[in-house]
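Peer 1: Contents of model_3.pdb (PDB, C-alpha atoms and all ligand atoms) are given next:
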```
ATOM      1  CA  MET P 869     -50.722 -94.038  48.747  1.00  0.00           C
ATOM      2  CA  SER P 870     -49.183 -97.477  48.524  1.00  0.00           C
ATOM      3  CA  ASP P 871     -50.806-100.481  50.138  1.00  0.00           C
ATOM      4  CA  VAL P 872     -47.985-101.138  52.576  1.00  0.00           C
ATOM      5  CA  ARG P 873     -47.994 -97.577  53.897  1.00  0.00           C
ATOM      6  CA  ILE P 874     -51.728 -97.585  54.581  1.00  0.00           C
ATOM      7  CA  LYS P 875     -51.395-100.928  56.313  1.00  0.00           C
ATOM      8  CA  ARG P 876     -48.497 -99.716  58.438  1.00  0.00           C
ATOM      9  CA  ASN P 877     -50.302 -96.471  59.314  1.00  0.00           C
ATOM     10  CA  VAL P 878     -53.406 -98.332  60.457  1.00  0.00           C
ATOM     11  CA  GLU P 879     -51.415-100.799  62.520  1.00  0.00           C
ATOM     12  CA  ARG P 880     -49.491 -97.990  64.225  1.00  0.00           C
ATOM     13  CA  LEU P 881     -52.685 -96.087  64.976  1.00  0.00           C
ATOM     14  CA  LEU P 882     -54.493 -99.109  66.354  1.00  0.00           C
ATOM     15  CA  ASN P 883     -51.506 -99.748  68.616  1.00  0.00           C
ATOM     16  CA  ASP P 884     -51.469 -96.129  69.723  1.00  0.00           C
ATOM     17  CA  LEU P 885     -55.159 -95.867  70.633  1.00  0.00           C
ATOM     18  CA  PRO P 886     -56.073 -96.764  74.216  1.00  0.00           C
ATOM     19  CA  ALA P 887     -58.557 -99.573  74.793  1.00  0.00           C
ATOM     20  CA  GLY P 888     -62.111 -98.358  74.390  1.00  0.00           C
ATOM     21  CA  VAL P 889     -61.311 -95.710  71.775  1.00  0.00           C
ATOM     22  CA  GLN P 890     -62.773 -96.527  68.364  1.00  0.00           C
ATOM     23  CA  LEU P 891     -61.084 -95.530  65.130  1.00  0.00           C
ATOM     24  CA  VAL P 892     -63.149 -94.088  62.290  1.00  0.00           C
ATOM     25  CA  ALA P 893     -61.144 -93.935  59.063  1.00  0.00           C
ATOM     26  CA  ALA P 894     -62.206 -90.664  57.408  1.00  0.00           C
ATOM     27  CA  ALA P 895     -62.279 -91.682  53.750  1.00  0.00           C
ATOM     28  CA  LYS P 896     -63.329 -88.593  51.804  1.00  0.00           C
ATOM     29  CA  THR P 897     -61.703 -88.422  48.343  1.00  0.00           C
ATOM     30  CA  ARG P 898     -60.002 -91.807  48.812  1.00  0.00           C
ATOM     31  CA  LYS P 899     -60.241 -94.580  46.250  1.00  0.00           C
ATOM     32  CA  SER P 900     -62.054 -97.781  47.079  1.00  0.00           C
ATOM     33  CA  ASP P 901     -58.872 -99.824  46.948  1.00  0.00           C
ATOM     34  CA  GLU P 902     -57.258 -97.498  49.497  1.00  0.00           C
ATOM     35  CA  ILE P 903     -60.248 -97.944  51.789  1.00  0.00           C
ATOM     36  CA  GLN P 904     -60.031-101.699  51.258  1.00  0.00           C
ATOM     37  CA  GLN P 905     -56.391-101.647  52.366  1.00  0.00           C
ATOM     38  CA  ALA P 906     -57.366 -99.858  55.555  1.00  0.00           C
ATOM     39  CA  VAL P 907     -60.098-102.400  56.230  1.00  0.00           C
ATOM     40  CA  ASP P 908     -57.750-105.297  55.548  1.00  0.00           C
ATOM     41  CA  ALA P 909     -55.330-103.754  58.063  1.00  0.00           C
ATOM     42  CA  GLY P 910     -57.957-103.717  60.796  1.00  0.00           C
ATOM     43  CA  VAL P 911     -60.156-100.620  60.383  1.00  0.00           C
ATOM     44  CA  MET P 912     -63.711-101.476  61.442  1.00  0.00           C
ATOM     45  CA  ILE P 913     -65.504 -98.156  60.858  1.00  0.00           C
ATOM     46  CA  ILE P 914     -65.356 -95.944  57.761  1.00  0.00           C
ATOM     47  CA  GLY P 915     -66.420 -92.290  57.927  1.00  0.00           C
ATOM     48  CA  GLU P 916     -67.868 -90.738  54.776  1.00  0.00           C
ATOM     49  CA  ASN P 917     -68.655 -87.049  54.110  1.00  0.00           C
ATOM     50  CA  TYR P 918     -70.560 -87.513  50.866  1.00  0.00           C
ATOM     51  CA  VAL P 919     -73.434 -89.878  50.194  1.00  0.00           C
ATOM     52  CA  GLN P 920     -72.426 -90.524  46.568  1.00  0.00           C
ATOM     53  CA  GLU P 921     -68.850 -91.412  47.533  1.00  0.00           C
ATOM     54  CA  ALA P 922     -70.191 -93.695  50.232  1.00  0.00           C
ATOM     55  CA  VAL P 923     -72.455 -95.580  47.829  1.00  0.00           C
ATOM     56  CA  ALA P 924     -69.479 -96.300  45.578  1.00  0.00           C
ATOM     57  CA  ALA P 925     -67.256 -97.346  48.473  1.00  0.00           C
ATOM     58  CA  ILE P 926     -69.873 -99.552  50.107  1.00  0.00           C
ATOM     59  CA  ASN P 927     -70.370-101.387  46.828  1.00  0.00           C
ATOM     60  CA  ALA P 928     -66.643-101.896  46.358  1.00  0.00           C
ATOM     61  CA  VAL P 929     -65.291-102.623  49.833  1.00  0.00           C
ATOM     62  CA  ASN P 930     -65.444-106.113  51.276  1.00  0.00           C
ATOM     63  CA  GLY P 931     -65.350-106.989  54.919  1.00  0.00           C
ATOM     64  CA  LYS P 932     -67.318-106.507  58.080  1.00  0.00           C
ATOM     65  CA  VAL P 933     -67.235-102.725  58.440  1.00  0.00           C
ATOM     66  CA  LYS P 934     -69.607-100.122  59.761  1.00  0.00           C
ATOM     67  CA  TRP P 935     -70.242 -96.866  57.924  1.00  0.00           C
ATOM     68  CA  HIS P 936     -70.555 -93.524  59.718  1.00  0.00           C
ATOM     69  CA  PHE P 937     -71.776 -90.366  58.031  1.00  0.00           C
ATOM     70  CA  ILE P 938     -69.518 -87.484  59.156  1.00  0.00           C
ATOM     71  CA  GLY P 939     -70.316 -84.740  56.611  1.00  0.00           C
ATOM     72  CA  HIS P 940     -73.069 -82.186  56.298  1.00  0.00           C
ATOM     73  CA  LEU P 941     -76.240 -83.993  55.283  1.00  0.00           C
ATOM     74  CA  GLN P 942     -78.289 -82.293  52.584  1.00  0.00           C
ATOM     75  CA  LYS P 943     -82.025 -82.781  52.657  1.00  0.00           C
ATOM     76  CA  ASN P 944     -82.219 -84.468  49.259  1.00  0.00           C
ATOM     77  CA  LYS P 945     -79.623 -87.059  50.353  1.00  0.00           C
ATOM     78  CA  ILE P 946     -81.292 -88.152  53.571  1.00  0.00           C
ATOM     79  CA  LYS P 947     -83.371 -90.953  52.060  1.00  0.00           C
ATOM     80  CA  LYS P 948     -80.277 -92.636  50.628  1.00  0.00           C
ATOM     81  CA  ALA P 949     -78.178 -91.883  53.703  1.00  0.00           C
ATOM     82  CA  VAL P 950     -80.512 -93.670  56.104  1.00  0.00           C
ATOM     83  CA  GLU P 951     -80.428 -96.751  53.881  1.00  0.00           C
ATOM     84  CA  ILE P 952     -76.660 -97.079  53.812  1.00  0.00           C
ATOM     85  CA  PHE P 953     -75.249 -95.687  57.075  1.00  0.00           C
ATOM     86  CA  ASP P 954     -75.008 -97.403  60.440  1.00  0.00           C
ATOM     87  CA  LEU P 955     -74.671 -94.119  62.347  1.00  0.00           C
ATOM     88  CA  ILE P 956     -74.998 -90.421  61.481  1.00  0.00           C
ATOM     89  CA  GLU P 957     -72.534 -88.291  63.483  1.00  0.00           C
ATOM     90  CA  THR P 958     -73.672 -84.839  62.376  1.00  0.00           C
ATOM     91  CA  VAL P 959     -77.248 -84.128  63.458  1.00  0.00           C
ATOM     92  CA  ASP P 960     -77.482 -80.448  64.391  1.00  0.00           C
ATOM     93  CA  SER P 961     -81.125 -79.413  63.984  1.00  0.00           C
ATOM     94  CA  ILE P 962     -84.590 -80.695  64.757  1.00  0.00           C
ATOM     95  CA  GLU P 963     -85.525 -80.327  61.063  1.00  0.00           C
ATOM     96  CA  LEU P 964     -82.737 -82.700  60.035  1.00  0.00           C
ATOM     97  CA  ALA P 965     -83.644 -85.111  62.825  1.00  0.00           C
ATOM     98  CA  ARG P 966     -87.316 -85.125  61.798  1.00  0.00           C
ATOM     99  CA  GLU P 967     -86.443 -85.869  58.180  1.00  0.00           C
ATOM    100  CA  ILE P 968     -84.118 -88.715  59.228  1.00  0.00           C
ATOM    101  CA  ASN P 969     -86.887 -90.014  61.469  1.00  0.00           C
ATOM    102  CA  THR P 970     -89.460 -89.940  58.672  1.00  0.00           C
ATOM    103  CA  ARG P 971     -87.184 -91.691  56.186  1.00  0.00           C
ATOM    104  CA  CYS P 972     -86.221 -94.312  58.757  1.00  0.00           C
ATOM    105  CA  SER P 973     -89.824 -95.036  59.644  1.00  0.00           C
ATOM    106  CA  GLU P 974     -90.531 -95.677  55.942  1.00  0.00           C
ATOM    107  CA  ILE P 975     -87.965 -98.475  55.895  1.00  0.00           C
ATOM    108  CA  GLY P 976     -88.443 -99.713  59.459  1.00  0.00           C
ATOM    109  CA  LYS P 977     -85.009 -98.654  60.666  1.00  0.00           C
ATOM    110  CA  ILE P 978     -83.877 -97.028  63.883  1.00  0.00           C
ATOM    111  CA  MET P 979     -80.914 -94.744  63.276  1.00  0.00           C
ATOM    112  CA  PRO P 980     -78.349 -94.055  66.002  1.00  0.00           C
ATOM    113  CA  VAL P 981     -77.069 -90.486  65.747  1.00  0.00           C
ATOM    114  CA  LEU P 982     -74.608 -88.155  67.404  1.00  0.00           C
ATOM    115  CA  ILE P 983     -75.349 -84.487  67.931  1.00  0.00           C
ATOM    116  CA  GLU P 984     -72.756 -82.251  66.299  1.00  0.00           C
ATOM    117  CA  ILE P 985     -71.677 -79.431  68.607  1.00  0.00           C
ATOM    118  CA  ASN P 986     -70.197 -76.194  67.277  1.00  0.00           C
ATOM    119  CA  SER P 987     -67.959 -76.077  70.312  1.00  0.00           C
ATOM    120  CA  ALA P 988     -65.791 -73.212  69.069  1.00  0.00           C
ATOM    121  CA  ARG P 989     -68.943 -71.206  68.215  1.00  0.00           C
ATOM    122  CA  GLU P 990     -67.541 -70.451  64.789  1.00  0.00           C
ATOM    123  CA  LEU P 991     -69.833 -68.675  62.366  1.00  0.00           C
ATOM    124  CA  ARG P 992     -70.805 -70.470  59.154  1.00  0.00           C
ATOM    125  CA  LYS P 993     -69.825 -73.775  60.677  1.00  0.00           C
ATOM    126  CA  TYR P 994     -72.187 -76.634  61.184  1.00  0.00           C
ATOM    127  CA  GLY P 995     -73.212 -77.873  64.573  1.00  0.00           C
ATOM    128  CA  VAL P 996     -75.472 -76.681  67.362  1.00  0.00           C
ATOM    129  CA  PHE P 997     -74.208 -74.133  69.892  1.00  0.00           C
ATOM    130  CA  PRO P 998     -73.439 -75.628  73.323  1.00  0.00           C
ATOM    131  CA  GLU P 999     -76.270 -73.790  75.085  1.00  0.00           C
ATOM    132  CA  ARG P1000     -78.843 -75.312  72.731  1.00  0.00           C
ATOM    133  CA  VAL P1001     -77.755 -78.945  72.941  1.00  0.00           C
ATOM    134  CA  THR P1002     -79.969 -80.115  75.784  1.00  0.00           C
ATOM    135  CA  GLU P1003     -83.125 -78.680  74.260  1.00  0.00           C
ATOM    136  CA  LEU P1004     -82.343 -80.267  70.878  1.00  0.00           C
ATOM    137  CA  ILE P1005     -81.696 -83.640  72.488  1.00  0.00           C
ATOM    138  CA  ARG P1006     -84.978 -83.468  74.406  1.00  0.00           C
ATOM    139  CA  GLN P1007     -86.845 -82.796  71.147  1.00  0.00           C
ATOM    140  CA  ILE P1008     -85.092 -85.595  69.268  1.00  0.00           C
ATOM    141  CA  ALA P1009     -85.741 -88.021  72.119  1.00  0.00           C
ATOM    142  CA  LEU P1010     -89.443 -87.847  71.254  1.00  0.00           C
ATOM    143  CA  LEU P1011     -88.844 -89.234  67.752  1.00  0.00           C
ATOM    144  CA  THR P1012     -89.303 -92.987  67.513  1.00  0.00           C
ATOM    145  CA  ASN P1013     -86.944 -93.939  64.671  1.00  0.00           C
ATOM    146  CA  ILE P1014     -83.862 -92.007  65.723  1.00  0.00           C
ATOM    147  CA  LYS P1015     -81.785 -92.550  68.843  1.00  0.00           C
ATOM    148  CA  VAL P1016     -79.266 -90.134  70.305  1.00  0.00           C
ATOM    149  CA  ARG P1017     -76.078 -92.014  71.202  1.00  0.00           C
ATOM    150  CA  GLY P1018     -73.682 -89.188  71.981  1.00  0.00           C
ATOM    151  CA  LEU P1019     -71.918 -86.077  70.717  1.00  0.00           C
ATOM    152  CA  MET P1020     -69.480 -85.124  67.986  1.00  0.00           C
ATOM    153  CA  THR P1021     -67.417 -81.986  67.537  1.00  0.00           C
ATOM    154  CA  MET P1022     -64.871 -80.724  65.039  1.00  0.00           C
ATOM    155  CA  GLY P1023     -63.131 -78.159  67.232  1.00  0.00           C
ATOM    156  CA  PRO P1024     -61.669 -74.960  65.800  1.00  0.00           C
ATOM    157  CA  VAL P1025     -59.821 -74.795  62.499  1.00  0.00           C
ATOM    158  CA  SER P1026     -56.246 -74.553  63.719  1.00  0.00           C
ATOM    159  CA  CYS P1027     -52.929 -76.301  63.348  1.00  0.00           C
ATOM    160  CA  ASP P1028     -52.152 -76.340  67.048  1.00  0.00           C
ATOM    161  CA  PRO P1029     -54.040 -79.144  68.815  1.00  0.00           C
ATOM    162  CA  GLU P1030     -53.651 -77.357  72.151  1.00  0.00           C
ATOM    163  CA  GLU P1031     -55.980 -74.666  70.824  1.00  0.00           C
ATOM    164  CA  ALA P1032     -58.658 -77.315  70.448  1.00  0.00           C
ATOM    165  CA  ARG P1033     -58.308 -78.603  74.008  1.00  0.00           C
ATOM    166  CA  PRO P1034     -60.764 -76.195  75.723  1.00  0.00           C
ATOM    167  CA  TYR P1035     -63.409 -76.978  73.101  1.00  0.00           C
ATOM    168  CA  PHE P1036     -62.965 -80.707  73.502  1.00  0.00           C
ATOM    169  CA  ALA P1037     -63.173 -80.217  77.272  1.00  0.00           C
ATOM    170  CA  GLU P1038     -66.375 -78.197  76.943  1.00  0.00           C
ATOM    171  CA  THR P1039     -67.930 -80.857  74.711  1.00  0.00           C
ATOM    172  CA  LYS P1040     -67.026 -83.542  77.279  1.00  0.00           C
ATOM    173  CA  LYS P1041     -68.656 -81.408  79.975  1.00  0.00           C
ATOM    174  CA  ILE P1042     -71.882 -81.187  77.948  1.00  0.00           C
ATOM    175  CA  PHE P1043     -71.671 -84.946  77.342  1.00  0.00           C
ATOM    176  CA  ASP P1044     -71.480 -85.594  81.093  1.00  0.00           C
ATOM    177  CA  GLU P1045     -74.262 -83.105  81.859  1.00  0.00           C
ATOM    178  CA  VAL P1046     -76.691 -84.653  79.393  1.00  0.00           C
ATOM    179  CA  LYS P1047     -75.746 -88.080  80.691  1.00  0.00           C
ATOM    180  CA  SER P1048     -76.435 -87.086  84.286  1.00  0.00           C
ATOM    181  CA  LYS P1049     -79.853 -85.694  83.321  1.00  0.00           C
ATOM    182  CA  GLY P1050     -80.846 -89.161  82.163  1.00  0.00           C
ATOM    183  CA  VAL P1051     -83.164 -88.159  79.298  1.00  0.00           C
ATOM    184  CA  SER P1052     -85.251 -91.208  78.465  1.00  0.00           C
ATOM    185  CA  ASP P1053     -84.377 -92.930  75.172  1.00  0.00           C
ATOM    186  CA  VAL P1054     -81.074 -91.054  75.072  1.00  0.00           C
ATOM    187  CA  GLU P1055     -77.882 -92.991  75.702  1.00  0.00           C
ATOM    188  CA  MET P1056     -74.735 -90.906  76.011  1.00  0.00           C
ATOM    189  CA  LYS P1057     -72.290 -93.537  74.867  1.00  0.00           C
ATOM    190  CA  TYR P1058     -70.083 -92.052  72.153  1.00  0.00           C
ATOM    191  CA  LEU P1059     -67.982 -88.896  72.169  1.00  0.00           C
ATOM    192  CA  SER P1060     -66.478 -88.345  68.718  1.00  0.00           C
ATOM    193  CA  MET P1061     -63.663 -85.769  68.781  1.00  0.00           C
ATOM    194  CA  GLY P1062     -60.218 -85.447  67.261  1.00  0.00           C
ATOM    195  CA  MET P1063     -58.626 -85.835  63.854  1.00  0.00           C
ATOM    196  CA  THR P1064     -55.073 -86.450  62.607  1.00  0.00           C
ATOM    197  CA  ASP P1065     -53.555 -83.416  64.354  1.00  0.00           C
ATOM    198  CA  SER P1066     -55.689 -83.417  67.455  1.00  0.00           C
ATOM    199  CA  TYR P1067     -56.682 -86.962  68.329  1.00  0.00           C
ATOM    200  CA  ARG P1068     -54.256 -87.372  71.235  1.00  0.00           C
ATOM    201  CA  VAL P1069     -55.544 -84.197  72.895  1.00  0.00           C
ATOM    202  CA  ALA P1070     -59.128 -85.285  72.169  1.00  0.00           C
ATOM    203  CA  ILE P1071     -58.548 -88.645  73.859  1.00  0.00           C
ATOM    204  CA  GLU P1072     -57.026 -86.912  76.873  1.00  0.00           C
ATOM    205  CA  GLU P1073     -60.227 -84.864  77.072  1.00  0.00           C
ATOM    206  CA  GLY P1074     -62.474 -87.919  76.904  1.00  0.00           C
ATOM    207  CA  ALA P1075     -63.074 -88.845  73.250  1.00  0.00           C
ATOM    208  CA  ASN P1076     -63.939 -92.492  72.612  1.00  0.00           C
ATOM    209  CA  ILE P1077     -64.265 -92.108  68.843  1.00  0.00           C
ATOM    210  CA  VAL P1078     -61.540 -90.441  66.763  1.00  0.00           C
ATOM    211  CA  ARG P1079     -61.957 -89.669  63.049  1.00  0.00           C
ATOM    212  CA  ILE P1080     -58.675 -89.907  61.185  1.00  0.00           C
ATOM    213  CA  GLY P1081     -57.936 -89.478  57.486  1.00  0.00           C
ATOM    214  CA  THR P1082     -54.522 -88.008  56.701  1.00  0.00           C
ATOM    215  CA  LYS P1083     -52.595 -90.138  59.176  1.00  0.00           C
ATOM    216  CA  ILE P1084     -53.990 -93.265  57.514  1.00  0.00           C
ATOM    217  CA  PHE P1085     -54.179 -92.362  53.839  1.00  0.00           C
ATOM    218  CA  GLY P1086     -51.671 -89.507  53.474  1.00  0.00           C
ATOM    219  CA  GLU P1087     -52.267 -85.901  52.437  1.00  0.00           C
ATOM    220  CA  ARG P1088     -55.401 -85.203  50.414  1.00  0.00           C
TER     221      ARG P1088
HETATM  222  C1  LIG F1101     -61.767 -85.121  56.911  1.00  0.00           C
HETATM  223  C2  LIG F1101     -62.403 -85.266  58.238  1.00  0.00           C
HETATM  224  C3  LIG F1101     -61.721 -85.848  59.320  1.00  0.00           C
HETATM  225  C4  LIG F1101     -60.289 -86.343  59.242  1.00  0.00           C
HETATM  226  O1  LIG F1101     -59.389 -85.301  59.009  1.00  0.00           O
HETATM  227  P1  LIG F1101     -57.798 -85.578  58.952  1.00  0.00           P
HETATM  228  O2  LIG F1101     -57.195 -84.296  59.401  1.00  0.00           O
HETATM  229  O3  LIG F1101     -57.479 -85.919  57.543  1.00  0.00           O
HETATM  230  O4  LIG F1101     -57.488 -86.696  59.889  1.00  0.00           O
HETATM  231  C5  LIG F1101     -62.408 -85.978  60.511  1.00  0.00           C
HETATM  232  N1  LIG F1101     -63.676 -85.566  60.654  1.00  0.00           N
HETATM  233  C6  LIG F1101     -64.353 -84.997  59.648  1.00  0.00           C
HETATM  234  C7  LIG F1101     -65.755 -84.555  59.868  1.00  0.00           C
HETATM  235  C8  LIG F1101     -63.747 -84.822  58.412  1.00  0.00           C
HETATM  236  O5  LIG F1101     -64.437 -84.248  57.418  1.00  0.00           O
END
```
Could you spell out this file's structure in structure tokens?
Ligand SMILES: *Cc1c(COP(=O)(O)O)cnc(C)c1O
Peer 2:
Amino acid sequence: MSDVRIKRNVERLLNDLPAGVQLVAAAKTRKSDEIQQAVDAGVMIIGENYVQEAVAAINAVNGKVKWHFIGHLQKNKIKKAVEIFDLIETVDSIELAREINTRCSEIGKIMPVLIEINSARELRKYGVFPERVTELIRQIALLTNIKVRGLMTMGPVSCDPEEARPYFAETKKIFDEVKSKGVSDVEMKYLSMGMTDSYRVAIEEGANIVRIGTKIFGER
């Protein structure tokens, strides 16, 4: 997509988002110069689904940006991922958390993470089921080099954002419940929900991070 369109899209989005809602530009499959245009237009967080793509983009993009991992993290990519990302949004098992913790302790880093919830309880989808979230968070809270900072959910695969609303609402409810329990070392600060089609509904239901690709960069 042309430079001016990306710039205009970012400016419109930033104007549209209420104060306190952070924009993550979901950059999978985009070229480094497209990502650079988004950053130049005011994007402050880039979301990457693949570690290899992220390495290339981080080397190429200039500016003060943070990098969020928003894909499914494979075991053999964790070592690299903890070196390059500022936050991992997709932790959904104690095994993954332990491996992140080990790799972080090797390099003296403390990684903020979000717990990915499979709010629509879809089979073959990543994320922990709602009823298992609290237990997972309690286990992760015991690890010294990883800090839970909130929740992330994808919602169901559907074109109609209204179909996602109950799942966003349920994720917000879990967010508030965990918060009210006050698990030590856990800070429920970020709620990452909503994409191009669903971000307005997600914000209405309490999201304070939205992950948007198509509306910034065009169709993939
Ligand atoms: C691709 C992606 C997005 C953005 O999707 P769009 O519909 O292009 O806005 C958000 N979150 C995750 C995890 C993604 O993989």
Peer 1: So what do you get for CA of Val1051 in chain P versus CA of Ala1037 in chain P, distance-wise?
Peer 2: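 Computed distance, CA of Val1051 in chain P to CA of Ala1037 in chain P, equals 21.6 Å.
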Peer 1: Quick one: residues within 7 Å of (-53.6, -92.4, 56.9) (file frame), counting all atoms listed in the file, please, as a ChimeraX atom specification.
Peer 2: /P:874,877-878,1081-1086
Peer 1: When you count all atoms listed in the file, which of these residues is closest to Ile983 in chain P: P:Ala928, P:Ala922, P:Leu1059, P:Val911?
Peer 2: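 Closest candidate: P:Leu1059.
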Peer 1: Fewer than 6 positions away in the same chain doesn't count, so skip those; otherwise give me all residues within 12 Å of Gly1062 in chain P, counting only C-alpha atoms, as a PyMOL selection string.
Peer 2: chain P and resi 889-894+1020-1025+1029-1030+1032-1033+1035-1037+1039+1068-1081
Peer 1: Just say which residues the PyMOL selection byres (((chain P and resi 993-1002) around 9) and not hetatm) picks in this file, as number ranges by chain.
Peer 2: P: 940, 958-961, 983-992, 1003-1007, 1020-1022, 1038-1039, 1042, 1045-1046
Peer 1: On this file, the PyMOL selection byres (((chain P and resi 902-904) around 8) and not hetatm) gives some set of residues; write that set as a list of chain:residue names.
Peer 2: P:Met869, P:Asp871, P:Ile874, P:Ala895, P:Arg898, P:Lys899, P:Ser900, P:Asp901, P:Gln905, P:Ala906, P:Val907, P:Asp908, P:Ala925, P:Val929, P:Asn930, P:Phe1085
Peer 1: Just give me the gap between CA of Val923 in chain P and CA of Leu941 in chain P in Å, one decimal is fine.
Peer 2: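 Separation of CA of Val923 in chain P and CA of Leu941 in chain P: 14.3 Å.
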Peer 1: Report, in Å to a single decimal, how far apart CA of Leu1011 in chain P and CA of Gln920 in chain P are.
Peer 2: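 These two atoms are separated by 26.8 Å.
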Peer 1: Using only C-alpha atoms and all ligand atoms, find the one residue out of P:Lys1040, P:Lys1057, P:Lys896, P:Lys1047 that sits nearest to ligand LIG 1101 (chain F).
Peer 2: P:Lys896
Peer 1: Point out the residue among P:Glu957, P:Gly939, P:Lys1015, P:Asp1044 with the least atom-to-atom distance to Cys972 in chain P, counting all atoms listed in the file.
Peer 2: P:Lys1015
